[in-house]
file start.csv (CSV, C-alpha atoms)
chain,number,residue,atom,x,y,z
A,889,MET,CA,120.3,117.1,70.8
A,890,GLU,CA,119.9,113.6,72.1
A,891,VAL,CA,116.4,112.1,72.1
A,892,ILE,CA,114.8,111.0,75.3
A,893,LYS,CA,112.4,108.1,74.9
A,894,ILE,CA,111.0,106.5,77.9
A,895,VAL,CA,108.4,103.7,77.5
A,896,GLY,CA,105.6,104.1,79.9
A,897,THR,CA,104.7,101.5,82.5
A,898,ASP,CA,101.9,101.0,85.1
A,899,ASP,CA,103.4,103.7,87.3
A,900,THR,CA,105.6,105.8,85.0
A,901,PRO,CA,104.6,107.9,82.0
A,902,THR,CA,105.8,107.7,78.5
A,903,VAL,CA,108.2,110.5,77.8
A,904,ILE,CA,109.4,111.5,74.3
A,905,LEU,CA,111.6,114.5,73.8
A,906,ASP,CA,112.7,114.6,70.2
A,907,VAL,CA,113.7,117.9,68.7
A,908,GLU,CA,114.3,116.7,65.2
A,909,ASN,CA,110.8,115.2,64.9
A,910,GLU,CA,109.3,118.0,67.0
A,911,ILE,CA,107.8,115.6,69.6
A,912,PHE,CA,107.6,116.7,73.2
A,913,GLU,CA,105.3,114.6,75.2
A,914,VAL,CA,104.6,113.2,78.6
A,915,SER,CA,101.7,110.8,78.7
A,916,GLY,CA,100.1,107.9,80.7
A,917,ARG,CA,100.3,107.4,84.4
A,918,SER,CA,102.7,109.0,86.8
A,919,LEU,CA,103.3,107.6,90.3
A,920,PRO,CA,107.0,106.6,90.2
A,921,GLU,CA,108.6,105.2,93.3
A,922,ASP,CA,111.1,108.0,93.2
A,923,VAL,CA,109.6,111.0,91.5
A,924,THR,CA,112.8,113.1,91.7
A,925,ALA,CA,115.0,110.5,90.1
A,926,PHE,CA,112.4,109.9,87.4
A,927,TYR,CA,111.9,113.5,86.4
A,928,GLU,CA,115.5,114.8,86.9
A,929,PRO,CA,116.8,113.7,83.4
A,930,ILE,CA,113.8,115.4,81.8
A,931,LEU,CA,114.4,118.6,83.6
A,932,ASP,CA,118.1,118.5,82.8
A,933,TRP,CA,117.2,117.9,79.2
A,934,LEU,CA,114.9,120.9,79.2
A,935,ASP,CA,117.7,123.1,80.6
A,936,ARG,CA,120.0,122.2,77.7
A,937,TYR,CA,117.2,122.5,75.2
A,938,SER,CA,116.3,126.0,76.5
A,939,GLU,CA,119.7,127.2,75.2
A,940,SER,CA,119.3,125.8,71.7
A,941,ALA,CA,115.6,125.9,71.0
A,942,SER,CA,114.9,127.8,67.8
A,943,GLY,CA,111.6,126.6,66.3
A,944,LYS,CA,108.2,126.3,67.8
A,945,THR,CA,107.9,123.9,70.8
A,946,VAL,CA,104.5,122.3,71.3
A,947,PHE,CA,104.7,120.4,74.6
A,948,ASN,CA,102.0,117.8,75.1
A,949,PHE,CA,100.8,116.4,78.4
A,950,LYS,CA,98.4,113.5,78.0
A,951,LEU,CA,98.2,112.1,81.4
A,952,VAL,CA,95.5,109.8,82.7
A,953,TYR,CA,96.7,109.8,86.3
A,954,PHE,CA,99.4,111.5,88.4
A,955,ASN,CA,99.9,111.5,92.1
A,956,THR,CA,100.6,114.6,94.2
A,957,ALA,CA,104.3,114.0,94.3
A,958,SER,CA,104.4,114.0,90.5
A,959,SER,CA,102.2,117.1,90.3
A,960,LYS,CA,105.1,119.1,91.8
A,961,LEU,CA,107.5,117.8,89.2
A,962,ILE,CA,105.0,118.5,86.4
A,963,LEU,CA,104.9,122.1,87.6
A,964,ASP,CA,108.7,122.2,87.5
A,965,ILE,CA,108.6,121.2,83.8
A,966,LEU,CA,106.0,123.9,83.1
A,967,LEU,CA,108.1,126.5,85.0
A,968,LYS,CA,111.0,125.7,82.7
A,969,LEU,CA,108.8,126.1,79.7
A,970,GLU,CA,107.6,129.4,81.1
A,971,GLU,CA,111.2,130.6,81.5
A,972,MET,CA,111.8,129.8,77.9
A,973,TYR,CA,108.7,131.6,76.8
A,974,GLU,CA,109.7,134.6,78.8
A,975,ALA,CA,113.1,134.5,77.1
A,976,GLY,CA,111.3,134.9,73.8
A,977,LYS,CA,111.0,131.3,72.6
A,978,ASP,CA,107.8,130.1,70.9
A,979,ILE,CA,106.2,127.7,73.3
A,980,VAL,CA,102.7,126.2,73.5
A,981,ILE,CA,101.5,123.7,76.2
A,982,LYS,CA,98.8,121.4,75.2
A,983,TRP,CA,97.0,119.7,78.1
A,984,HIS,CA,95.1,116.7,76.8
A,985,TYR,CA,92.4,115.2,79.0
A,986,PRO,CA,89.8,112.4,78.5
A,987,GLU,CA,86.5,114.2,77.8
A,988,ASP,CA,84.7,112.7,80.8
A,989,ASP,CA,87.5,113.4,83.2
A,990,GLU,CA,86.7,116.6,85.1
A,991,ASP,CA,89.5,116.2,87.5
A,992,MET,CA,92.1,116.0,84.8
A,993,GLU,CA,90.6,119.0,83.0
A,994,GLU,CA,90.6,120.9,86.3
A,995,ALA,CA,94.2,120.0,86.9
A,996,GLY,CA,95.1,121.6,83.5
A,997,GLU,CA,93.1,124.8,84.5
A,998,GLU,CA,95.0,125.0,87.7
A,999,TYR,CA,98.4,124.7,86.0
A,1000,ALA,CA,97.3,127.3,83.4
A,1001,ASP,CA,96.5,129.7,86.2
A,1002,ILE,CA,99.9,129.2,87.8
A,1003,VAL,CA,102.2,129.5,84.8
A,1004,GLU,CA,102.3,132.4,82.3
A,1005,VAL,CA,102.7,130.5,79.0
A,1006,PRO,CA,100.3,129.8,76.1
A,1007,PHE,CA,98.2,126.9,77.4
A,1008,GLU,CA,95.6,125.0,75.4
A,1009,GLN,CA,93.2,122.5,76.8
A,1010,VAL,CA,92.4,119.6,74.5
A,1011,SER,CA,89.7,117.0,75.2
A,1012,TYR,CA,89.8,113.6,73.6
A,1013,SER,CA,87.5,110.6,73.6
A,1014,LEU,CA,88.7,107.3,75.0
A,1015,ASP,CA,87.2,105.0,72.4
B,339,MET,CA,96.6,74.4,127.5
B,340,ASN,CA,95.7,71.4,125.5
B,341,LYS,CA,96.0,71.4,121.7
B,342,LYS,CA,92.3,71.1,121.1
B,343,PHE,CA,91.5,74.2,123.0
B,344,ASN,CA,94.1,76.1,121.1
B,345,ILE,CA,92.6,75.0,117.8
B,346,THR,CA,89.2,76.1,118.9
B,347,SER,CA,90.3,79.5,120.0
B,348,PHE,CA,92.2,79.9,116.8
B,349,LEU,CA,89.2,78.9,114.8
B,350,GLU,CA,87.1,81.3,116.7
B,351,PHE,CA,89.6,84.1,116.2
B,352,VAL,CA,89.7,83.5,112.4
B,353,TYR,CA,85.9,83.3,112.3
B,354,SER,CA,85.4,86.5,114.3
B,355,PHE,CA,88.0,88.3,112.1
B,356,TYR,CA,86.1,87.1,109.1
B,357,LYS,CA,82.8,88.3,110.6
B,358,THR,CA,84.2,91.6,111.6
B,359,MET,CA,85.5,92.2,108.1
B,360,ASP,CA,82.2,91.1,106.6
B,361,ASP,CA,80.1,93.3,109.0
B,362,HIS,CA,82.2,96.3,108.1
B,363,GLU,CA,82.1,95.5,104.4
B,364,ILE,CA,85.9,95.5,104.3
B,365,THR,CA,87.1,94.4,100.9
B,366,LEU,CA,90.8,94.8,101.6
B,367,VAL,CA,92.8,94.9,104.7
B,368,TYR,CA,96.6,95.0,105.2
B,369,GLU,CA,99.0,95.4,108.1
B,370,GLY,CA,102.7,95.9,107.5
B,371,GLU,CA,105.2,97.9,105.7
B,372,VAL,CA,103.8,99.9,102.8
B,373,THR,CA,106.2,99.7,99.8
B,374,HIS,CA,105.8,100.8,96.2
B,375,GLN,CA,105.0,97.2,95.2
B,376,ILE,CA,102.2,97.0,97.8
B,377,THR,CA,100.8,100.3,96.5
B,378,LYS,CA,100.8,99.0,92.9
B,379,ALA,CA,99.3,95.6,93.9
B,380,PHE,CA,96.5,97.1,96.0
B,381,THR,CA,95.5,99.8,93.5
B,382,SER,CA,95.4,97.3,90.6
B,383,LEU,CA,93.5,94.8,92.7
B,384,THR,CA,90.9,97.4,93.7
B,385,GLU,CA,90.7,98.7,90.1
B,386,THR,CA,90.0,95.2,88.8
B,387,ASN,CA,87.2,94.7,91.4
B,388,MET,CA,85.7,98.1,90.6
B,389,GLN,CA,85.6,97.3,86.9
B,390,LYS,CA,83.9,94.0,87.7
B,391,ASP,CA,81.3,95.9,89.8
B,392,GLU,CA,80.9,98.4,86.9
B,393,GLU,CA,81.7,101.4,89.0
B,394,SER,CA,81.7,104.7,87.0
B,395,ASN,CA,85.1,105.9,85.7
B,396,SER,CA,84.9,108.9,87.9
B,397,THR,CA,84.4,106.8,91.1
B,398,GLN,CA,87.2,104.4,90.0
B,399,LYS,CA,89.6,107.3,89.5
B,400,LYS,CA,88.7,108.9,92.8
B,401,VAL,CA,89.2,105.7,94.7
B,402,PHE,CA,92.5,105.2,93.0
B,403,HIS,CA,93.7,108.7,93.9
B,404,VAL,CA,92.7,108.4,97.5
B,405,MET,CA,94.3,104.9,97.9
B,406,VAL,CA,97.6,106.1,96.5
B,407,GLU,CA,97.8,109.2,98.6
B,408,CYS,CA,96.8,107.3,101.8
B,409,LEU,CA,99.3,104.5,101.2
B,410,GLN,CA,102.0,107.1,100.5
B,411,ASN,CA,101.1,108.8,103.8
B,412,ILE,CA,101.8,105.6,105.7
B,413,SER,CA,105.0,104.9,103.9
B,414,LYS,CA,106.3,108.4,104.3
B,415,HIS,CA,105.0,109.4,107.7
B,416,ALA,CA,104.4,106.4,109.9
B,417,ASP,CA,106.7,106.4,112.9
B,418,ILE,CA,108.0,103.5,115.0
B,419,ILE,CA,107.9,103.0,118.7
B,420,GLU,CA,111.5,102.9,119.9
B,421,ASP,CA,112.5,99.6,121.5
B,422,SER,CA,109.4,97.9,120.2
B,423,TYR,CA,109.6,94.6,118.2
B,424,ILE,CA,108.4,96.5,115.1
B,425,ASN,CA,111.7,97.8,113.8
B,426,ARG,CA,110.8,99.3,110.5
B,427,ASP,CA,109.0,102.5,109.9
B,428,GLY,CA,106.5,103.1,107.1
B,429,ARG,CA,104.1,100.5,108.5
B,430,GLY,CA,100.5,100.7,109.3
B,431,ILE,CA,97.1,99.3,108.7
B,432,PHE,CA,95.2,100.0,105.5
B,433,MET,CA,91.6,99.1,104.8
B,434,VAL,CA,89.2,99.6,101.9
B,435,SER,CA,85.5,99.1,102.5
B,436,LYS,CA,82.6,99.2,100.1
B,437,GLY,CA,79.2,100.3,101.3
B,438,LYS,CA,76.0,100.9,99.4
B,439,GLU,CA,76.6,104.6,98.9
B,440,GLU,CA,80.3,104.9,99.2
B,441,TYR,CA,83.8,103.5,99.4
B,442,SER,CA,85.9,104.2,102.5
B,443,VAL,CA,89.6,104.2,102.7
B,444,THR,CA,91.1,104.0,106.2
B,445,THR,CA,94.6,104.1,107.4
B,446,GLY,CA,96.0,103.7,110.9
B,447,ASN,CA,99.6,104.2,111.9
B,448,ILE,CA,101.9,105.1,114.8
B,449,LEU,CA,102.7,108.7,115.1
B,450,GLU,CA,104.9,110.7,117.5
B,451,ASN,CA,102.8,113.0,119.7
B,452,SER,CA,104.9,116.0,118.7
B,453,LYS,CA,103.4,115.8,115.2
B,454,ILE,CA,99.7,115.9,116.3
B,455,THR,CA,99.4,119.7,116.4
B,456,GLU,CA,100.7,120.2,112.9
B,457,ILE,CA,98.6,117.4,111.4
B,458,THR,CA,95.5,118.6,113.2
B,459,LYS,CA,96.1,122.1,111.9
B,460,THR,CA,96.5,121.0,108.3
B,461,LEU,CA,93.4,118.7,108.4
B,462,ASP,CA,91.2,121.2,110.1
B,463,GLN,CA,92.2,123.8,107.6
B,464,VAL,CA,91.5,121.4,104.7
B,465,ASN,CA,88.1,120.4,106.2
B,466,SER,CA,87.1,124.1,106.7
B,467,LEU,CA,87.5,124.9,103.0
B,468,ASP,CA,85.0,124.7,100.2
B,469,LYS,CA,85.9,123.7,96.6
B,470,ASP,CA,87.3,127.1,95.6
B,471,GLY,CA,89.2,127.4,98.9
B,472,LEU,CA,90.8,124.0,98.3
B,473,LYS,CA,91.8,125.0,94.8
B,474,LYS,CA,93.4,128.1,96.1
B,475,LEU,CA,95.3,126.2,98.9
B,476,TYR,CA,96.4,123.6,96.3
B,477,LYS,CA,97.8,126.2,94.0
B,478,GLN,CA,99.6,128.0,96.8
B,479,GLN,CA,101.1,124.7,98.2
B,480,ILE,CA,102.2,123.4,94.9
B,481,LYS,CA,104.0,126.7,94.1
B,482,GLU,CA,105.5,127.3,97.6
B,483,GLY,CA,105.9,123.8,98.9
B,484,ARG,CA,109.1,121.8,98.5
B,485,LEU,CA,109.4,118.0,98.0
B,486,SER,CA,110.5,116.5,101.3
B,487,ASN,CA,113.4,114.1,101.2
B,488,LYS,CA,110.8,111.3,101.3
B,489,GLY,CA,109.1,112.7,98.2
B,490,GLY,CA,106.1,114.2,99.9
B,491,ALA,CA,104.7,117.3,98.4
B,492,GLY,CA,102.4,118.4,101.2
B,493,LEU,CA,99.5,118.1,98.9
B,494,GLY,CA,98.0,114.7,99.8
B,495,PHE,CA,95.2,115.8,102.2
B,496,ILE,CA,94.3,118.8,100.0
B,497,ASP,CA,94.1,116.5,97.0
B,498,ILE,CA,91.9,113.9,98.8
B,499,ALA,CA,89.4,116.6,99.9
B,500,LYS,CA,89.4,118.1,96.5
B,501,LYS,CA,88.8,114.9,94.6
B,502,THR,CA,86.2,113.4,97.0
B,503,GLY,CA,84.3,116.6,97.9
B,504,GLN,CA,84.0,115.1,101.4
B,505,LYS,CA,85.4,116.0,104.8
B,506,ILE,CA,88.3,113.8,106.0
B,507,ASN,CA,87.6,112.0,109.3
B,508,TYR,CA,90.5,111.6,111.6
B,509,ASN,CA,91.4,110.8,115.2
B,510,PHE,CA,94.3,110.1,117.5
B,511,LEU,CA,94.3,107.3,120.1
B,512,ASN,CA,96.9,107.9,122.7
B,513,ILE,CA,99.3,105.0,123.3
B,514,ASN,CA,101.7,106.6,125.8
B,515,GLU,CA,103.4,109.9,126.4
B,516,ASN,CA,105.4,109.7,123.2
B,517,TYR,CA,103.2,108.0,120.7
B,518,SER,CA,99.6,107.9,119.4
B,519,PHE,CA,97.8,105.8,116.8
B,520,PHE,CA,96.5,108.0,114.0
B,521,VAL,CA,93.4,106.9,112.2
B,522,LEU,CA,92.2,108.6,109.0
B,523,THR,CA,89.2,107.8,106.9
B,524,SER,CA,88.3,109.2,103.5
B,525,LYS,CA,85.0,108.6,101.8
B,526,ILE,CA,84.3,108.4,98.1
B,527,LEU,CA,80.7,108.5,97.0
B,528,ARG,CA,79.6,105.9,94.4
B,529,ILE,CA,78.2,108.0,91.6

call {"tool": "encode", "arguments": {"input": "start.csv", "output": "structure tokens"}}
result
Amino acid sequence: MEVIKIVGTDDTPTVILDVENEIFEVSGRSLPEDVTAFYEPILDWLDRYSESASGKTVFNFKLVYFNTASSKLILDILLKLEEMYEAGKDIVIKWHYPEDDEDMEEAGEEYADIVEVPFEQVSYSLD
Amino acid sequence: MNKKFNITSFLEFVYSFYKTMDDHEITLVYEGEVTHQITKAFTSLTETNMQKDEESNSTQKKVFHVMVECLQNISKHADIIEDSYINRDGRGIFMVSKGKEEYSVTTGNILENSKITEITKTLDQVNSLDKDGLKKLYKQQIKEGRLSNKGGAGLGFIDIAKKTGQKINYNFLNINENYSFFVLTSKILRI
């Protein structure tokens, strides 16, 4: 499958979807001007991937900030991963949050409550 | 009117504007169209100032969250008065002030009177809920809500209340039978 590699900016996250190297990651800040346009290729990619996925998929979210419009699209990504999990694929979500960021930790908990998919919370230090 | 008088009244206007801003501890004020560029510029300016003032990470993040959601509310929901000289929607006034105990973010924009009932209902509901109630409402809205064609998720007010832990102050000033001026203030405690 083709690799998606989007370099993050002040308002858009870094996105890497690379099957061969087993990297699935959305990280950084997310408040794109047009959230739908930004996330559409990622969701399309996941649709295609869901048909061919064979190994384990560890999907990492390592966001430091996202706005409410992005939160809806992040849920869409999680729902696609949930579908794959329900179809028998091996999926794990890892939600990384800065250790002192309760709001980001809580955001992960809320997503974990909404989707039925293995979901790990991972704290990291910012140094 | 002679020129001298004009200059004096202009000077007085600028000085009183400056005084008003100073008295209200306003650190940022803007009137106009809210674009993505404006959102980026204001949030980054405020971030830089907060870093200089050594605000906690938590306060910085909360102020950032509230600013983004409030600016997006203006750009997505502000109406225009038909036949007025202001011919673009998505305009409003945006202010950030810094007090001893808290930051305040205030927005003001024109709104069609027909929208008042809906907004009042949403804000009163948000203000009536405690932390757990807000979490529940957030989860329900993120699951069931759809992105509007302007990219709104219907989550902004809930998110502000959740992140700040404070009630959202709001009011409507009637302009005429069709329009009102909608003012909303969110407070973020400096901790």

call {"tool": "closest_atom_pairs", "arguments": {"input": "start.csv", "of": "chain A", "to": "chain B", "cutoff": "12 Å", "atoms": "only C-alpha atoms", "output": "JSON lines"}}
result
{"residue": "A:Thr897", "atom": "CA", "partner": "B:Lys378", "partner_atom": "CA", "distance": 11.4}
{"residue": "A:Asp898", "atom": "CA", "partner": "B:Lys378", "partner_atom": "CA", "distance": 8.1}
{"residue": "A:Asp899", "atom": "CA", "partner": "B:Lys378", "partner_atom": "CA", "distance": 7.8}
{"residue": "A:Thr900", "atom": "CA", "partner": "B:Lys378", "partner_atom": "CA", "distance": 11.5}
{"residue": "A:Arg917", "atom": "CA", "partner": "B:His403", "partner_atom": "CA", "distance": 11.6}
{"residue": "A:Ser918", "atom": "CA", "partner": "B:Val406", "partner_atom": "CA", "distance": 11.3}
{"residue": "A:Leu919", "atom": "CA", "partner": "B:Val406", "partner_atom": "CA", "distance": 8.6}
{"residue": "A:Pro920", "atom": "CA", "partner": "B:His374", "partner_atom": "CA", "distance": 8.4}
{"residue": "A:Glu921", "atom": "CA", "partner": "B:His374", "partner_atom": "CA", "distance": 6.0}
{"residue": "A:Asp922", "atom": "CA", "partner": "B:Gly489", "partner_atom": "CA", "distance": 7.1}
{"residue": "A:Val923", "atom": "CA", "partner": "B:Gly489", "partner_atom": "CA", "distance": 6.9}
{"residue": "A:Thr924", "atom": "CA", "partner": "B:Gly489", "partner_atom": "CA", "distance": 7.5}
{"residue": "A:Ala925", "atom": "CA", "partner": "B:Gly489", "partner_atom": "CA", "distance": 10.3}
{"residue": "A:Phe926", "atom": "CA", "partner": "B:Gly489", "partner_atom": "CA", "distance": 11.6}
{"residue": "A:Val952", "atom": "CA", "partner": "B:Lys399", "partner_atom": "CA", "distance": 9.3}
{"residue": "A:Tyr953", "atom": "CA", "partner": "B:Lys399", "partner_atom": "CA", "distance": 8.2}
{"residue": "A:Phe954", "atom": "CA", "partner": "B:His403", "partner_atom": "CA", "distance": 8.4}
{"residue": "A:Asn955", "atom": "CA", "partner": "B:His403", "partner_atom": "CA", "distance": 7.0}
{"residue": "A:Thr956", "atom": "CA", "partner": "B:Leu493", "partner_atom": "CA", "distance": 6.0}
{"residue": "A:Ala957", "atom": "CA", "partner": "B:Ala491", "partner_atom": "CA", "distance": 5.3}
{"residue": "A:Ser958", "atom": "CA", "partner": "B:Ala491", "partner_atom": "CA", "distance": 8.6}
{"residue": "A:Ser959", "atom": "CA", "partner": "B:Ile480", "partner_atom": "CA", "distance": 7.8}
{"residue": "A:Lys960", "atom": "CA", "partner": "B:Ile480", "partner_atom": "CA", "distance": 6.0}
{"residue": "A:Leu961", "atom": "CA", "partner": "B:Leu485", "partner_atom": "CA", "distance": 9.0}
{"residue": "A:Ile962", "atom": "CA", "partner": "B:Ile480", "partner_atom": "CA", "distance": 10.2}
{"residue": "A:Leu963", "atom": "CA", "partner": "B:Ile480", "partner_atom": "CA", "distance": 7.9}
{"residue": "A:Asp964", "atom": "CA", "partner": "B:Lys481", "partner_atom": "CA", "distance": 9.3}
{"residue": "A:Leu966", "atom": "CA", "partner": "B:Lys481", "partner_atom": "CA", "distance": 11.5}
{"residue": "A:Leu967", "atom": "CA", "partner": "B:Lys481", "partner_atom": "CA", "distance": 10.0}
{"residue": "A:Pro986", "atom": "CA", "partner": "B:Asn395", "partner_atom": "CA", "distance": 10.8}
{"residue": "A:Glu987", "atom": "CA", "partner": "B:Ser396", "partner_atom": "CA", "distance": 11.5}
{"residue": "A:Asp988", "atom": "CA", "partner": "B:Ser396", "partner_atom": "CA", "distance": 8.1}
{"residue": "A:Asp989", "atom": "CA", "partner": "B:Ser396", "partner_atom": "CA", "distance": 7.0}
{"residue": "A:Glu990", "atom": "CA", "partner": "B:Ser396", "partner_atom": "CA", "distance": 8.4}
{"residue": "A:Asp991", "atom": "CA", "partner": "B:Lys501", "partner_atom": "CA", "distance": 7.3}
{"residue": "A:Met992", "atom": "CA", "partner": "B:Lys399", "partner_atom": "CA", "distance": 10.2}
{"residue": "A:Glu994", "atom": "CA", "partner": "B:Lys473", "partner_atom": "CA", "distance": 9.5}
{"residue": "A:Ala995", "atom": "CA", "partner": "B:Lys473", "partner_atom": "CA", "distance": 9.7}
{"residue": "A:Gly996", "atom": "CA", "partner": "B:Lys477", "partner_atom": "CA", "distance": 11.8}
{"residue": "A:Glu997", "atom": "CA", "partner": "B:Lys473", "partner_atom": "CA", "distance": 10.4}
{"residue": "A:Glu998", "atom": "CA", "partner": "B:Lys477", "partner_atom": "CA", "distance": 7.0}
{"residue": "A:Tyr999", "atom": "CA", "partner": "B:Lys477", "partner_atom": "CA", "distance": 8.2}
{"residue": "A:Ala1000", "atom": "CA", "partner": "B:Lys477", "partner_atom": "CA", "distance": 10.7}
{"residue": "A:Asp1001", "atom": "CA", "partner": "B:Lys477", "partner_atom": "CA", "distance": 8.6}
{"residue": "A:Ile1002", "atom": "CA", "partner": "B:Lys477", "partner_atom": "CA", "distance": 7.2}
{"residue": "A:Val1003", "atom": "CA", "partner": "B:Lys481", "partner_atom": "CA", "distance": 9.9}
{"residue": "A:Leu1014", "atom": "CA", "partner": "B:Asn395", "partner_atom": "CA", "distance": 11.4}

call {"tool": "atom_distance", "arguments": {"input": "start.csv", "atom1": "atom CA of A:Val980", "atom2": "atom CA of A:Glu1008"}}
result
7.4 Å

call {"tool": "atom_distance", "arguments": {"input": "start.csv", "atom1": "atom CA of B:Leu527", "atom2": "atom CA of B:Ser354"}}
result
28.4 Å

call {"tool": "closest_residue", "arguments": {"input": "start.csv", "among": "A:Asp932, A:Met972, A:Lys944, A:Trp983", "to": "A:Ser915", "atoms": "only C-alpha atoms"}}
result
A:Trp983

call {"tool": "atom_distance", "arguments": {"input": "start.csv", "atom1": "atom CA of B:Thr455", "atom2": "atom CA of B:Ile431"}}
result
21.9 Å

call {"tool": "closest_residue", "arguments": {"input": "start.csv", "among": "B:Gly503, B:Gly471, B:Gly370, B:Gly437", "to": "B:Ala416", "atoms": "all atoms listed in the file"}}
result
B:Gly370

call {"tool": "residues_near_point", "arguments": {"input": "start.csv", "point": "(110.8, 106.8, 75.9)", "cutoff": "9 Å", "atoms": "all atoms listed in the file", "output": "list of chain:residue names"}}
result
A:Val891, A:Ile892, A:Lys893, A:Ile894, A:Val895, A:Gly896, A:Pro901, A:Thr902, A:Val903, A:Ile904, A:Leu905

call {"tool": "closest_residue", "arguments": {"input": "start.csv", "among": "B:Gln389, B:Thr346, B:Gln398, B:Asn509", "to": "B:Asp462", "atoms": "all atoms listed in the file"}}
result
B:Asn509

call {"tool": "closest_residue", "arguments": {"input": "start.csv", "among": "A:Leu931, A:Val1010, A:Leu969, A:Ile911", "to": "A:His984", "atoms": "all atoms listed in the file"}}
result
A:Val1010

call {"tool": "closest_residue", "arguments": {"input": "start.csv", "among": "B:Ser452, B:Ser442, B:Gln504, B:Thr397", "to": "B:Ser518", "atoms": "only C-alpha atoms"}}
result
B:Ser452

call {"tool": "decode", "arguments": {"input": "start.csv", "residues": "stretch 914-973 of chain A", "atoms": "C-alpha atoms", "output": "PDB file, in the first residue's frame"}}
result
ATOM      1  CA  VAL A 914      -1.136  10.907  14.249  1.00  0.00           C
ATOM      2  CA  SER A 915       0.788  13.396  16.380  1.00  0.00           C
ATOM      3  CA  GLY A 916       1.175  17.070  17.185  1.00  0.00           C
ATOM      4  CA  ARG A 917      -1.471  19.754  16.905  1.00  0.00           C
ATOM      5  CA  SER A 918      -4.731  19.529  15.069  1.00  0.00           C
ATOM      6  CA  LEU A 919      -6.787  22.590  14.187  1.00  0.00           C
ATOM      7  CA  PRO A 920      -6.789  22.559  10.400  1.00  0.00           C
ATOM      8  CA  GLU A 921      -8.662  25.258   8.532  1.00  0.00           C
ATOM      9  CA  ASP A 922     -10.740  22.574   6.819  1.00  0.00           C
ATOM     10  CA  VAL A 923     -10.855  19.494   9.029  1.00  0.00           C
ATOM     11  CA  THR A 924     -12.819  17.358   6.597  1.00  0.00           C
ATOM     12  CA  ALA A 925     -10.419  18.001   3.726  1.00  0.00           C
ATOM     13  CA  PHE A 926      -7.452  17.253   5.970  1.00  0.00           C
ATOM     14  CA  TYR A 927      -8.736  13.965   7.378  1.00  0.00           C
ATOM     15  CA  GLU A 928     -10.490  12.629   4.280  1.00  0.00           C
ATOM     16  CA  PRO A 929      -7.374  11.050   2.662  1.00  0.00           C
ATOM     17  CA  ILE A 930      -6.546   9.417   5.994  1.00  0.00           C
ATOM     18  CA  LEU A 931     -10.003   7.900   6.342  1.00  0.00           C
ATOM     19  CA  ASP A 932      -9.936   6.747   2.702  1.00  0.00           C
ATOM     20  CA  TRP A 933      -6.557   5.172   3.278  1.00  0.00           C
ATOM     21  CA  LEU A 934      -7.912   3.306   6.304  1.00  0.00           C
ATOM     22  CA  ASP A 935     -10.828   1.998   4.246  1.00  0.00           C
ATOM     23  CA  ARG A 936      -8.422   0.484   1.751  1.00  0.00           C
ATOM     24  CA  TYR A 937      -6.133  -0.777   4.498  1.00  0.00           C
ATOM     25  CA  SER A 938      -8.986  -2.494   6.296  1.00  0.00           C
ATOM     26  CA  GLU A 939      -9.337  -4.874   3.352  1.00  0.00           C
ATOM     27  CA  SER A 940      -5.689  -5.860   3.195  1.00  0.00           C
ATOM     28  CA  ALA A 941      -4.496  -5.642   6.804  1.00  0.00           C
ATOM     29  CA  SER A 942      -2.952  -8.893   7.928  1.00  0.00           C
ATOM     30  CA  GLY A 943      -0.523  -8.292  10.811  1.00  0.00           C
ATOM     31  CA  LYS A 944      -0.910  -6.417  14.025  1.00  0.00           C
ATOM     32  CA  THR A 945      -1.814  -2.743  13.749  1.00  0.00           C
ATOM     33  CA  VAL A 946      -0.666  -0.505  16.577  1.00  0.00           C
ATOM     34  CA  PHE A 947      -2.178   2.902  15.934  1.00  0.00           C
ATOM     35  CA  ASN A 948      -0.531   5.719  17.887  1.00  0.00           C
ATOM     36  CA  PHE A 949      -2.110   9.020  18.764  1.00  0.00           C
ATOM     37  CA  LYS A 950       0.336  11.473  20.261  1.00  0.00           C
ATOM     38  CA  LEU A 951      -1.506  14.746  20.126  1.00  0.00           C
ATOM     39  CA  VAL A 952      -0.722  17.791  22.213  1.00  0.00           C
ATOM     40  CA  TYR A 953      -3.770  19.758  21.123  1.00  0.00           C
ATOM     41  CA  PHE A 954      -6.856  19.238  18.997  1.00  0.00           C
ATOM     42  CA  ASN A 955      -9.929  21.425  18.549  1.00  0.00           C
ATOM     43  CA  THR A 956     -13.496  20.164  18.801  1.00  0.00           C
ATOM     44  CA  ALA A 957     -13.905  19.960  15.022  1.00  0.00           C
ATOM     45  CA  SER A 958     -10.868  17.641  14.890  1.00  0.00           C
ATOM     46  CA  SER A 959     -12.205  15.583  17.781  1.00  0.00           C
ATOM     47  CA  LYS A 960     -15.056  14.415  15.596  1.00  0.00           C
ATOM     48  CA  LEU A 961     -12.665  13.269  12.843  1.00  0.00           C
ATOM     49  CA  ILE A 962     -10.403  11.541  15.360  1.00  0.00           C
ATOM     50  CA  LEU A 963     -13.458   9.578  16.446  1.00  0.00           C
ATOM     51  CA  ASP A 964     -14.071   8.668  12.793  1.00  0.00           C
ATOM     52  CA  ILE A 965     -10.561   7.187  12.623  1.00  0.00           C
ATOM     53  CA  LEU A 966     -11.195   5.240  15.830  1.00  0.00           C
ATOM     54  CA  LEU A 967     -14.515   3.971  14.510  1.00  0.00           C
ATOM     55  CA  LYS A 968     -12.789   2.614  11.386  1.00  0.00           C
ATOM     56  CA  LEU A 969     -10.256   0.844  13.590  1.00  0.00           C
ATOM     57  CA  GLU A 970     -13.116  -0.509  15.690  1.00  0.00           C
ATOM     58  CA  GLU A 971     -14.759  -1.920  12.546  1.00  0.00           C
ATOM     59  CA  MET A 972     -11.513  -3.641  11.651  1.00  0.00           C
ATOM     60  CA  TYR A 973     -11.236  -5.064  15.153  1.00  0.00           C
TER      61      TYR A 973
END
